[in-house]
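Encoded as structure tokens, the structure appears first; notes follow it.
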Amino acid sequence: MGKEKFVYNTHTLRYEKVEVTFRDKFLKVFGFTSAVFVSAVLFTLLIWKFFPSPQEEALLREIDQMKTQYAKVNEDFAVMSKVLENIQERDASVHRMMFGMDPIDPNVWNGGVGGHNKYSDIIMHKRTGEVLVSTLDRVDKLKRQIKMQSESLDTIISLAQDREKMLASIPSIKPVRSDKLARNVQFLSGFGYRLHPILKVRKMHTGIDFTAPKGTPIQATGDGTVESVEYKGNGYGHHVVINHGFGIKTLYGHMSRIDVRPGQKIKRGQPIGTVGNTGTSTAPHCHYEVIVKGEKVNPIHYCMDGLTPKEYQELVEHASIANQSMD
């Protein structure tokens, strides 16, 4: 049985028994229960904040380890970025020095990616957001730079292949092999005005006459395509014209035999026929011409093989002597 409660009534001068209603009991119980619940919630929150559970402690340690690893990844990205920048600088040097082209614009190379913040959902994470976004930004920049560098290297490869093709196509050897050609270059008839052997007048000689025995092999002086093959009883006689591309052609005249056909692909040093004495010619030789963009130029500047600088200088000097040509 619960204790009874009495209060003193000053009007009646008597102690009266206090009657507790159900409403009062309910409010009292509800208030006590609410106070206990709120206190429990606050106590739990304080416990969670200052005294994490073993599982939470493990997760926090894992997050700290991830932040450390991300920091190392960022350092690795910095190293890779430096290496890539070094490659880009060398790439720029290749463009400038070898191909005369503008390298990648530094502003484009170092520029960022525009547009909205695509990592807005990540940056909201208090513990890891900033580290993750910083790492992802580095990844995006590195990916973009690698793509630009790859495209630049593709351009260099293409330019190098074109340059290699051009270098292989430019005439750079004599039409008659050095071991088949007399080294006594005093009999060489060069480019310029010469006394015509038949007409006996000074006439422009548009090539170089390389003396060699009849039947001596004649070789293509650069890669190209046979443009024309003609058999004549005068002028150049039996002769071949090779188109080397890049506006350059070569002509080989007075041949005794022709071993190529129009449209045939030719490599430098490949035999195309033999020395002869056909057409307007006074002795077996190969009349050799170089035509650049439709203009006949001095072939002496395209005959650099098998000669020392001294021998080449002698060749230039003897080719410039105004002697008699052989055609």
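Here, A, B, ... name the chains of the structure tokens in the order displayed, residue numbers run from 1 inside each chain, and ligands are numbered from 1 in the same displayed order.
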Show me, as a PyMOL selection string, the residues that have an atom within 9 Å of A:Val292 when counting only C-alpha atoms, minus same-chain residues fewer than 4 positions from it. chain A and resi 246-250+296-297
Export of the given selection (C-alpha atoms) as a PDB file, in the first residue's frame:
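Output below, filename selection_10.pdb:
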```pdb
ATOM      1  CA  PHE A 246      58.455  17.191-103.509  1.00  0.00           C
ATOM      2  CA  GLY A 247      58.833  18.976-106.857  1.00  0.00           C
ATOM      3  CA  ILE A 248      62.061  17.143-107.821  1.00  0.00           C
ATOM      4  CA  LYS A 249      62.778  15.118-110.964  1.00  0.00           C
ATOM      5  CA  THR A 250      65.943  13.634-112.462  1.00  0.00           C
ATOM      6  CA  LYS A 296      66.927  22.727-114.236  1.00  0.00           C
ATOM      7  CA  VAL A 297      69.520  23.258-111.500  1.00  0.00           C
TER       8      VAL A 297
END
```
In Å to one decimal, how far is atom CA of A:Ser169 from atom CA of A:Glu230?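 That distance, rounded to one decimal, is 22.3 Å.
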